[in-house]
$ cat data.cif   # mmCIF, C-alpha atoms and all ligand atoms
data_final
loop_
_atom_site.label_atom_id
_atom_site.label_comp_id
_atom_site.auth_asym_id
_atom_site.auth_seq_id
_atom_site.Cartn_x
_atom_site.Cartn_y
_atom_site.Cartn_z
CA MET A 128 0.43 113.86 217.30
CA TYR A 129 -2.74 114.64 215.43
CA LEU A 130 -2.78 113.99 211.76
CA SER A 131 -6.35 113.83 210.60
CA GLY A 132 -6.77 116.09 207.64
CA VAL A 133 -3.47 115.04 206.14
CA ASN A 134 -4.81 113.52 202.98
CA GLY A 135 -7.58 112.16 205.14
CA HIS A 136 -5.31 109.43 206.54
CA ALA A 137 -6.76 108.67 209.86
CA GLU A 138 -7.11 105.44 211.72
CA SER A 139 -7.51 104.34 215.23
CA LYS A 140 -5.29 101.97 217.22
CA PRO A 141 -4.24 101.59 220.83
CA ARG A 142 -1.87 104.25 222.13
CA ARG A 143 1.79 103.83 221.52
CA SER A 144 4.56 103.82 224.02
CA ALA A 145 7.57 104.74 221.89
CA HIS A 146 9.20 108.14 222.32
CA VAL A 147 10.00 109.63 218.91
CA ILE A 148 13.31 111.39 218.35
CA VAL A 149 13.68 113.17 215.02
CA CYS A 150 16.98 114.43 213.65
CA GLY A 151 16.12 117.31 211.41
CA ASN A 152 17.67 120.24 209.62
CA GLU A 153 16.81 121.33 206.10
CA LYS A 154 20.43 121.28 205.17
CA GLY A 155 22.52 118.37 203.97
CA GLY A 156 25.79 117.53 205.66
CA SER A 157 24.90 118.98 209.04
CA GLY A 158 25.28 115.64 210.82
CA LYS A 159 21.70 114.35 211.03
CA SER A 160 22.47 110.75 210.06
CA THR A 161 25.61 110.56 212.20
CA THR A 162 23.72 111.98 215.18
CA ALA A 163 20.73 109.68 214.61
CA MET A 164 22.99 106.61 214.63
CA HIS A 165 24.82 107.73 217.75
CA ILE A 166 21.60 108.43 219.64
CA ALA A 167 20.18 105.05 218.59
CA VAL A 168 23.28 103.12 219.68
CA ALA A 169 23.52 105.06 222.95
CA LEU A 170 19.95 104.04 223.77
CA LEU A 171 20.52 100.44 222.71
CA LYS A 172 23.54 100.33 224.98
CA ALA A 173 21.42 101.67 227.81
CA GLY A 174 19.17 98.64 227.37
CA TYR A 175 16.26 100.15 225.47
CA ASN A 176 14.43 98.68 222.53
CA VAL A 177 15.23 101.03 219.71
CA ALA A 178 13.91 101.29 216.18
CA THR A 179 15.36 103.53 213.51
CA ILE A 180 13.68 104.93 210.44
CA ASP A 181 15.40 106.45 207.45
CA LEU A 182 13.24 108.97 205.62
CA ASP A 183 16.07 110.14 203.39
CA GLY A 184 15.23 107.77 200.57
CA ARG A 185 17.84 109.30 198.28
CA GLN A 186 20.91 109.23 200.49
CA LEU A 187 19.95 106.30 202.72
CA SER A 188 22.93 107.15 204.97
CA LEU A 189 21.36 105.80 208.15
CA THR A 190 20.27 102.64 206.33
CA ARG A 191 23.85 102.10 205.09
CA TYR A 192 25.21 102.85 208.55
CA VAL A 193 22.99 100.13 210.07
CA GLU A 194 23.81 97.71 207.24
CA ASN A 195 27.54 98.33 207.68
CA ARG A 196 27.19 97.64 211.37
CA LYS A 197 25.39 94.38 210.73
CA ARG A 198 28.04 93.33 208.23
CA TRP A 199 30.94 94.27 210.50
CA SER A 200 29.38 92.43 213.40
CA LYS A 201 29.19 89.31 211.26
CA SER A 202 32.56 89.48 209.60
CA ALA A 203 34.53 90.50 212.71
CA ARG A 204 32.44 88.13 214.84
CA ILE A 205 31.64 90.70 217.46
CA PRO A 206 28.19 91.12 218.93
CA LEU A 207 26.95 94.64 218.18
CA ASP A 208 23.60 96.02 219.29
CA LEU A 209 21.40 96.69 216.29
CA PRO A 210 18.23 98.73 216.06
CA ARG A 211 15.19 97.44 214.23
CA HIS A 212 15.46 99.47 211.07
CA PHE A 213 13.39 100.37 208.06
CA HIS A 214 13.37 103.06 205.44
CA VAL A 215 10.62 104.67 203.44
CA PRO A 216 11.57 104.93 199.77
CA PRO A 217 10.26 107.90 197.78
CA ALA A 218 7.01 106.87 196.08
CA HIS A 219 6.42 107.72 192.44
CA ARG A 220 2.76 108.07 191.58
CA ASP A 221 0.85 110.09 188.99
CA THR A 222 -0.31 112.79 191.37
CA VAL A 223 1.26 114.49 194.36
CA ALA A 224 -1.67 113.37 196.53
CA ASP A 225 -1.18 109.73 195.50
CA THR A 226 2.55 109.93 196.09
CA GLU A 227 2.05 111.41 199.53
CA SER A 228 -0.63 108.87 200.30
CA GLU A 229 1.66 106.01 199.41
CA GLU A 230 4.56 107.41 201.45
CA PHE A 231 2.29 108.02 204.38
CA ARG A 232 0.97 104.48 204.14
CA GLN A 233 4.48 103.05 204.19
CA LEU A 234 5.49 105.17 207.14
CA THR A 235 2.43 104.36 209.20
CA GLU A 236 2.63 100.65 208.37
CA GLY A 237 6.25 100.58 209.47
CA LEU A 238 5.46 102.53 212.61
CA GLY A 239 2.53 100.26 213.33
CA GLU A 240 4.88 97.32 213.51
CA ILE A 241 7.28 98.90 215.97
CA GLU A 242 5.35 101.37 218.08
CA ASP A 243 4.24 99.02 220.81
CA SER A 244 7.38 96.98 221.08
CA HIS A 245 9.99 99.75 221.21
CA ASP A 246 10.89 102.40 223.77
CA PHE A 247 12.42 104.80 221.27
CA VAL A 248 12.11 105.48 217.57
CA VAL A 249 14.92 107.51 216.03
CA ILE A 250 14.00 109.07 212.70
CA ASP A 251 16.56 110.44 210.27
CA THR A 252 15.25 112.95 207.76
CA PRO A 253 16.38 114.37 204.42
CA GLY A 254 17.94 117.81 204.06
CA SER A 255 14.99 119.08 202.09
CA ASP A 256 11.39 120.01 202.63
CA THR A 257 9.57 116.82 201.65
CA PHE A 258 6.18 115.52 202.68
CA LEU A 259 7.71 112.78 204.83
CA ASN A 260 10.06 115.27 206.43
CA ARG A 261 7.12 117.42 207.47
CA MET A 262 5.31 114.36 208.82
CA ALA A 263 8.36 113.45 210.87
CA HIS A 264 8.49 116.91 212.42
CA ARG A 265 4.87 116.61 213.38
CA ILE A 266 5.29 113.34 215.21
CA ALA A 267 8.50 114.23 217.05
CA ASP A 268 8.60 114.19 220.84
CA THR A 269 12.21 115.32 220.75
CA LEU A 270 13.62 117.19 217.78
CA VAL A 271 17.40 117.29 217.46
CA THR A 272 18.85 119.76 214.99
CA PRO A 273 22.56 119.41 214.39
CA MET A 274 24.06 122.39 212.60
CA ASN A 275 27.51 123.04 211.31
CA ASP A 276 29.32 125.65 213.20
CA SER A 277 29.19 128.45 210.66
CA PHE A 278 27.01 131.37 209.68
CA VAL A 279 26.25 129.58 206.43
CA ASP A 280 24.41 126.97 208.44
CA PHE A 281 22.94 129.47 210.83
CA ASP A 282 20.92 130.63 207.86
CA VAL A 283 18.77 127.54 208.16
CA LEU A 284 17.36 129.01 211.37
CA ALA A 285 17.39 132.75 210.76
CA ARG A 286 18.80 135.55 208.69
CA ILE A 287 20.93 137.91 210.66
CA ASP A 288 22.34 141.36 210.11
CA PRO A 289 25.94 140.96 208.90
CA VAL A 290 27.18 143.82 211.04
CA SER A 291 25.09 143.93 214.18
CA HIS A 292 24.26 140.19 214.12
CA GLU A 293 20.72 141.02 215.03
CA ILE A 294 18.11 138.50 214.00
CA LEU A 295 16.28 139.94 211.02
CA GLU A 296 13.99 137.17 209.95
CA LEU A 297 13.28 133.54 210.76
CA SER A 298 14.08 131.07 208.03
CA GLN A 299 11.65 128.68 206.40
CA TYR A 300 12.83 125.74 208.51
CA ALA A 301 12.55 127.57 211.82
CA THR A 302 9.09 128.76 210.86
CA ALA A 303 8.06 125.24 209.86
CA VAL A 304 9.27 123.84 213.18
CA ARG A 305 7.48 126.59 215.08
CA ASP A 306 4.23 125.83 213.25
CA ALA A 307 4.59 122.08 213.77
CA ARG A 308 5.15 122.61 217.50
CA ARG A 309 2.19 124.98 217.78
CA GLN A 310 -0.07 122.57 216.06
CA ARG A 311 1.12 119.75 218.26
CA ARG A 312 0.47 121.76 221.36
CA GLN A 313 -3.04 122.57 220.25
CA THR A 314 -3.92 119.04 219.29
CA ASP A 315 -2.52 116.84 222.03
CA ASN A 316 -1.01 119.34 224.42
CA ARG A 317 2.42 117.94 223.82
CA ILE A 318 5.41 120.20 224.08
CA VAL A 319 7.98 119.14 221.55
CA ASP A 320 11.43 119.46 223.01
CA TRP A 321 13.73 121.05 220.41
CA ILE A 322 17.46 120.82 220.89
CA VAL A 323 20.00 122.43 218.60
CA VAL A 324 23.51 121.03 218.70
CA ARG A 325 26.49 122.62 217.00
CA ASN A 326 28.39 119.99 215.09
CA ARG A 327 31.90 119.75 213.66
CA MET A 328 33.19 122.42 215.98
CA ALA A 329 36.81 123.45 215.59
CA ASN A 330 39.03 122.79 218.57
CA ILE A 331 40.30 126.33 218.73
CA SER A 332 37.49 128.75 219.26
CA SER A 333 37.49 131.84 217.07
CA ARG A 334 35.76 135.19 217.32
CA ASN A 335 33.44 134.05 214.60
CA GLU A 336 32.34 131.06 216.66
CA GLN A 337 31.72 133.21 219.67
CA LYS A 338 29.45 135.37 217.52
CA ILE A 339 27.58 132.29 216.35
CA ASP A 340 27.20 131.23 219.94
CA THR A 341 25.78 134.61 220.97
CA CYS A 342 23.36 134.63 218.04
CA LEU A 343 22.24 131.07 218.80
CA ARG A 344 21.59 131.95 222.39
CA ASN A 345 19.43 134.90 221.35
CA LEU A 346 17.59 132.79 218.88
CA SER A 347 17.05 129.96 221.34
CA ILE A 348 15.03 132.30 223.53
CA GLN A 349 13.04 133.57 220.60
CA LEU A 350 12.35 130.14 219.13
CA GLY A 351 12.20 128.10 222.30
CA PHE A 352 14.91 125.57 221.62
CA ARG A 353 17.60 124.35 223.97
CA LEU A 354 21.26 124.45 223.05
CA ALA A 355 23.37 121.38 223.74
CA ASP A 356 27.13 121.47 224.06
CA GLY A 357 28.66 121.04 220.65
CA ILE A 358 30.28 118.06 218.98
CA SER A 359 33.77 118.55 217.63
CA GLU A 360 35.07 117.92 214.17
CA ARG A 361 36.74 114.53 214.57
CA VAL A 362 38.04 112.08 212.04
CA VAL A 363 36.69 109.23 214.17
CA PHE A 364 33.11 110.24 213.38
CA ARG A 365 33.82 109.77 209.69
CA GLU A 366 35.99 106.69 210.12
CA PHE A 367 33.30 104.76 211.93
CA PHE A 368 30.73 104.80 209.14
CA PRO A 369 32.15 102.00 206.88
CA ILE A 370 32.10 99.50 209.74
CA GLY A 371 28.97 100.89 211.32
CA LEU A 372 30.53 101.69 214.66
CA THR A 373 29.85 104.65 216.89
CA ALA A 374 31.75 106.45 219.62
CA LEU A 375 29.72 104.41 222.10
CA ASP A 376 31.03 101.02 221.02
CA ASP A 377 33.87 99.20 222.74
CA PHE A 378 37.21 100.57 221.78
CA GLU A 379 39.14 97.35 221.76
CA GLU A 380 41.36 96.87 218.82
CA HIS A 381 39.47 93.88 217.44
CA VAL A 382 36.24 95.89 217.49
CA LEU A 383 37.62 99.05 215.95
CA GLY A 384 39.88 97.30 213.50
CA SER A 385 42.63 99.71 214.65
CA LYS A 386 44.14 101.01 217.86
CA PRO A 387 41.87 103.35 219.82
CA THR A 388 42.99 106.95 220.30
CA LEU A 389 42.28 109.73 222.75
CA SER A 390 40.00 111.20 220.13
CA HIS A 391 37.76 108.13 220.42
CA LEU A 392 37.35 108.71 224.11
CA ALA A 393 36.72 112.42 223.65
CA ALA A 394 34.11 111.65 220.99
CA ARG A 395 32.39 109.25 223.35
CA GLN A 396 32.31 111.87 226.05
CA GLU A 397 30.71 114.39 223.72
CA ILE A 398 28.00 111.96 222.67
CA ARG A 399 27.26 111.07 226.28
CA GLN A 400 26.90 114.77 227.05
CA LEU A 401 24.53 115.13 224.15
CA LEU A 402 22.40 112.25 225.42
CA THR A 403 22.26 113.84 228.86
CA ALA A 404 21.30 117.17 227.31
CA LEU A 405 18.40 115.53 225.46
CA ARG A 406 16.75 114.66 228.79
CA LEU A 407 14.95 111.71 227.28
CA PRO A 408 12.45 109.82 229.40
CA THR A 409 15.00 107.12 230.12
CA ASP A 410 14.73 106.79 233.86
CA GLU A 411 11.84 105.95 236.14
CA VAL A 412 11.11 109.62 236.72
CA GLY A 413 11.09 110.30 233.00
CA ARG A 414 8.82 107.38 232.36
CA LYS A 415 6.38 108.50 235.05
CA ARG A 416 6.41 112.04 233.68
CA ALA A 417 5.71 110.72 230.20
CA MET A 418 2.83 108.68 231.55
CA MET A 419 1.37 111.65 233.41
CA ARG A 420 1.54 113.76 230.28
CA GLN A 421 -0.25 111.05 228.38
CA ARG A 422 -3.01 110.87 230.97
CA TYR A 423 -3.37 114.63 230.99
CA ALA A 424 -3.61 114.76 227.23
CA GLU A 425 -6.15 111.94 227.33
CA ALA A 426 -8.24 113.71 229.91
CA ILE A 427 -8.46 116.99 228.07
CA SER A 428 -8.54 115.88 224.49
CA ARG A 429 -11.22 114.56 222.21
CA PRO A 430 -10.75 111.08 220.80
CA ILE A 431 -7.69 111.24 218.63
CA ALA A 432 -8.29 109.47 215.39
CA MET A 433 -4.94 108.59 214.02
CA PRO A 434 -2.22 105.99 214.08
CA ASP A 435 -0.94 105.73 217.57
CA ILE A 436 2.62 106.55 216.96
CA PHE A 437 1.40 110.08 216.40
CA VAL A 438 0.08 110.38 219.89
CA SER A 439 2.23 110.22 222.95
N1 LIG B 1 31.51 115.71 214.22
C1 LIG B 1 31.94 115.31 213.03
N2 LIG B 1 33.27 115.25 212.77
C2 LIG B 1 33.70 114.86 211.55
N3 LIG B 1 32.91 114.49 210.55
C3 LIG B 1 31.59 114.53 210.75
C4 LIG B 1 31.03 114.92 211.99
N4 LIG B 1 29.66 114.84 211.89
C5 LIG B 1 29.41 114.42 210.66
N5 LIG B 1 30.54 114.22 209.95
C6 LIG B 1 30.67 113.80 208.55
O1 LIG B 1 30.03 114.81 207.77
C7 LIG B 1 29.33 114.23 206.68
C8 LIG B 1 27.85 114.60 206.78
O2 LIG B 1 27.30 114.02 207.96
P1 LIG B 1 25.85 113.35 207.91
O3 LIG B 1 25.60 112.80 209.26
O4 LIG B 1 25.72 112.42 206.76
O5 LIG B 1 24.97 114.65 207.68
P2 LIG B 1 23.46 114.80 207.13
O6 LIG B 1 22.76 113.52 207.45
O7 LIG B 1 22.90 115.98 207.84
O8 LIG B 1 23.55 115.04 205.65
C9 LIG B 1 29.57 112.75 206.75
O9 LIG B 1 30.66 112.45 205.91
C10 LIG B 1 29.95 112.52 208.22
O10 LIG B 1 30.78 111.40 208.38
MG MG B 2 21.71 112.25 206.22
#

$ encode --input "data.cif" --output "structure tokens" --more "lines below"
Ligand SMILES: Nc1ncnc2c1ncn2[C@@H]1O[C@H](COP(=O)(O)OP(=O)(O)O)[C@@H](O)[C@H]1O
Ligand SMILES: [Mg+2]
Amino acid sequence: MYLSGVNGHAESKPRRSAHVIVCGNEKGGSGKSTTAMHIAVALLKAGYNVATIDLDGRQLSLTRYVENRKRWSKSARIPLDLPRHFHVPPAHRDTVADTESEEFRQLTEGLGEIEDSHDFVVIDTPGSDTFLNRMAHRIADTLVTPMNDSFVDFDVLARIDPVSHEILELSQYATAVRDARRQRRQTDNRIVDWIVVRNRMANISSRNEQKIDTCLRNLSIQLGFRLADGISERVVFREFFPIGLTALDDFEEHVLGSKPTLSHLAARQEIRQLLTALRLPTDEVGRKRAMMRQRYAEAISRPIAMPDIFVS
């Protein structure tokens, strides 16, 4: 991605290889951190080098999740795959420009350390429109937006007519994503893949949910995102956090700390489906495609003066 002009932060380094996955939605509690952790562990389990970055300096949920995992691995004496993790704390400087500069510096320094040695970087973002959040959306190769299965959360994408359910107006977040994608396309010819996934779905489908589904499908055409199959509301997703486990980990009793249930297996299945839906460049074909895109972008673009993680 091209970032010159953002506070004038521009540097030049060799190109990166890491594919950046951003979990974003300007709404708290939609499942960004949970999804980020599950994607990271799924990729670790598939044998990739994975780094995770927490940009939600207030909540630090992903940071805690990773810490809990490390602790549980130690105390239960079970080997658990861990991502290389760092977080960017909110900077407090006298001016907005200085604050943003400092945050940008921390992000790029952290990225600089991991970009060449990792296949994937999974970035968790805050549920608010911050400078770092905007940066993250501009460097994403894949953007995953989990949203709770209700019209309250639909609002983060668009406002709809309460009776006809027609889309009246795009929301601020959807507009911001659209602009970030446009800009990305213009600068390095990269098409950011945007996937929306409905989270915490009820097991019994209601008329209301069907309406949400119809509206989302309409909107996906208008906004150019893909819709993944949803993830159900399951206690296991909440239970896992304190010991840092995910639905992808082994479900033996000594790992879980309790007996596994059918819900664990169902949760695992849903996460695997999500990973498939993301169509990440995980296989040879994907890798080749990613390389071709890089070459194409190189051939048509001017020298890109920016930290390499921003260019794919
Ligand atoms: N599919 C799910 N089923 C049950 N609880 C969930 C599910 N997804 C997320 N949660 C819980 O919902 C809360 C918010 O999720 P979180 O991932 O922290 O959202 P965000 O990062 O968007 O604020 C957490 O308590 C989390 O454990
Ligand atoms: Mg979070």

$ closest_residue --input "data.cif" --among "A:Glu242, A:Asp221, A:Glu296, A:Asp251" --to "ligand MG 2 (chain B)" --atoms "all atoms listed in the file"
A:Asp251

$ residues_near_ligand --input "data.cif" --ligand "ligand LIG 1 (chain B)" --cutoff "10 Å" --atoms "only C-alpha atoms and all ligand atoms" --output "ChimeraX atom specification"
/A:150-165,183,186-189,192,251-254,272-275,325-329,357-369,394,397-398

$ atom_distance --input "data.cif" --atom1 "CA of Phe247 in chain A" --atom2 "CA of Leu270 in chain A"
12.9 Å

$ closest_residue --input "data.cif" --among "A:Ile166, A:Val215, A:Leu297, A:Val149" --to "Arg395 in chain A" --atoms "only C-alpha atoms"
A:Ile166

$ atom_distance --input "data.cif" --atom1 "CA of Val193 in chain A" --atom2 "CA of Ile205 in chain A"
14.8 Å

$ build_atoms --input "data.cif" --residues "range 362-390 of chain A" --atoms "N, CA and C atoms" --output "compact mmCIF listing (two decimals), in the coordinates of the input"
# COMPACT_ATOMS: atom_id res chain seq x y z
N VAL A 362 37.92 113.08 213.08
CA VAL A 362 38.04 112.08 212.04
C VAL A 362 37.30 110.80 212.44
N VAL A 363 37.33 110.49 213.74
CA VAL A 363 36.69 109.23 214.17
C VAL A 363 35.21 109.15 213.77
N PHE A 364 34.53 110.28 213.75
CA PHE A 364 33.11 110.24 213.38
C PHE A 364 32.94 109.79 211.92
N ARG A 365 33.90 110.19 211.10
CA ARG A 365 33.82 109.77 209.69
C ARG A 365 34.31 108.34 209.50
N GLU A 366 35.36 108.01 210.24
CA GLU A 366 35.99 106.69 210.12
C GLU A 366 35.04 105.55 210.46
N PHE A 367 34.17 105.81 211.42
CA PHE A 367 33.30 104.76 211.93
C PHE A 367 32.29 104.24 210.92
N PHE A 368 31.85 105.13 210.04
CA PHE A 368 30.73 104.80 209.14
C PHE A 368 30.90 103.47 208.38
N PRO A 369 32.05 103.23 207.69
CA PRO A 369 32.15 102.00 206.88
C PRO A 369 32.00 100.71 207.68
N ILE A 370 32.29 100.73 208.98
CA ILE A 370 32.10 99.50 209.74
C ILE A 370 30.93 99.64 210.74
N GLY A 371 30.21 100.73 210.57
CA GLY A 371 28.97 100.89 211.32
C GLY A 371 29.14 101.09 212.82
N LEU A 372 30.33 101.48 213.22
CA LEU A 372 30.53 101.69 214.66
C LEU A 372 30.19 103.12 215.07
N THR A 373 30.07 103.31 216.36
CA THR A 373 29.85 104.65 216.89
C THR A 373 30.83 104.89 218.03
N ALA A 374 30.85 106.12 218.52
CA ALA A 374 31.75 106.45 219.62
C ALA A 374 31.33 105.76 220.92
N LEU A 375 30.17 105.08 220.89
CA LEU A 375 29.72 104.41 222.10
C LEU A 375 30.15 102.95 222.15
N ASP A 376 30.65 102.43 221.04
CA ASP A 376 31.03 101.02 221.02
C ASP A 376 32.35 100.79 221.75
N ASP A 377 32.61 99.52 222.04
CA ASP A 377 33.87 99.20 222.74
C ASP A 377 35.07 99.58 221.88
N PHE A 378 36.05 100.12 222.54
CA PHE A 378 37.21 100.57 221.78
C PHE A 378 38.36 99.58 221.83
N GLU A 379 38.05 98.31 221.85
CA GLU A 379 39.14 97.35 221.76
C GLU A 379 39.57 97.25 220.31
N GLU A 380 40.79 96.87 220.16
CA GLU A 380 41.36 96.87 218.82
C GLU A 380 40.59 95.96 217.85
N HIS A 381 40.15 94.80 218.36
CA HIS A 381 39.47 93.88 217.44
C HIS A 381 38.10 94.40 217.02
N VAL A 382 37.54 95.29 217.85
CA VAL A 382 36.24 95.89 217.49
C VAL A 382 36.44 97.01 216.48
N LEU A 383 37.38 97.88 216.79
CA LEU A 383 37.62 99.05 215.95
C LEU A 383 38.32 98.69 214.64
N GLY A 384 39.07 97.63 214.67
CA GLY A 384 39.88 97.30 213.50
C GLY A 384 41.18 98.10 213.50
N SER A 385 41.38 98.94 214.51
CA SER A 385 42.63 99.71 214.65
C SER A 385 42.77 100.08 216.12
N LYS A 386 43.92 100.64 216.46
CA LYS A 386 44.14 101.01 217.86
C LYS A 386 43.28 102.22 218.25
N PRO A 387 42.65 102.18 219.41
CA PRO A 387 41.87 103.35 219.82
C PRO A 387 42.76 104.54 220.15
N THR A 388 42.22 105.73 220.02
CA THR A 388 42.99 106.95 220.30
C THR A 388 42.25 107.78 221.36
N LEU A 389 42.91 108.81 221.79
CA LEU A 389 42.28 109.73 222.75
C LEU A 389 41.05 110.39 222.13
N SER A 390 41.11 110.57 220.83
CA SER A 390 40.00 111.20 220.13
C SER A 390 38.73 110.33 220.23
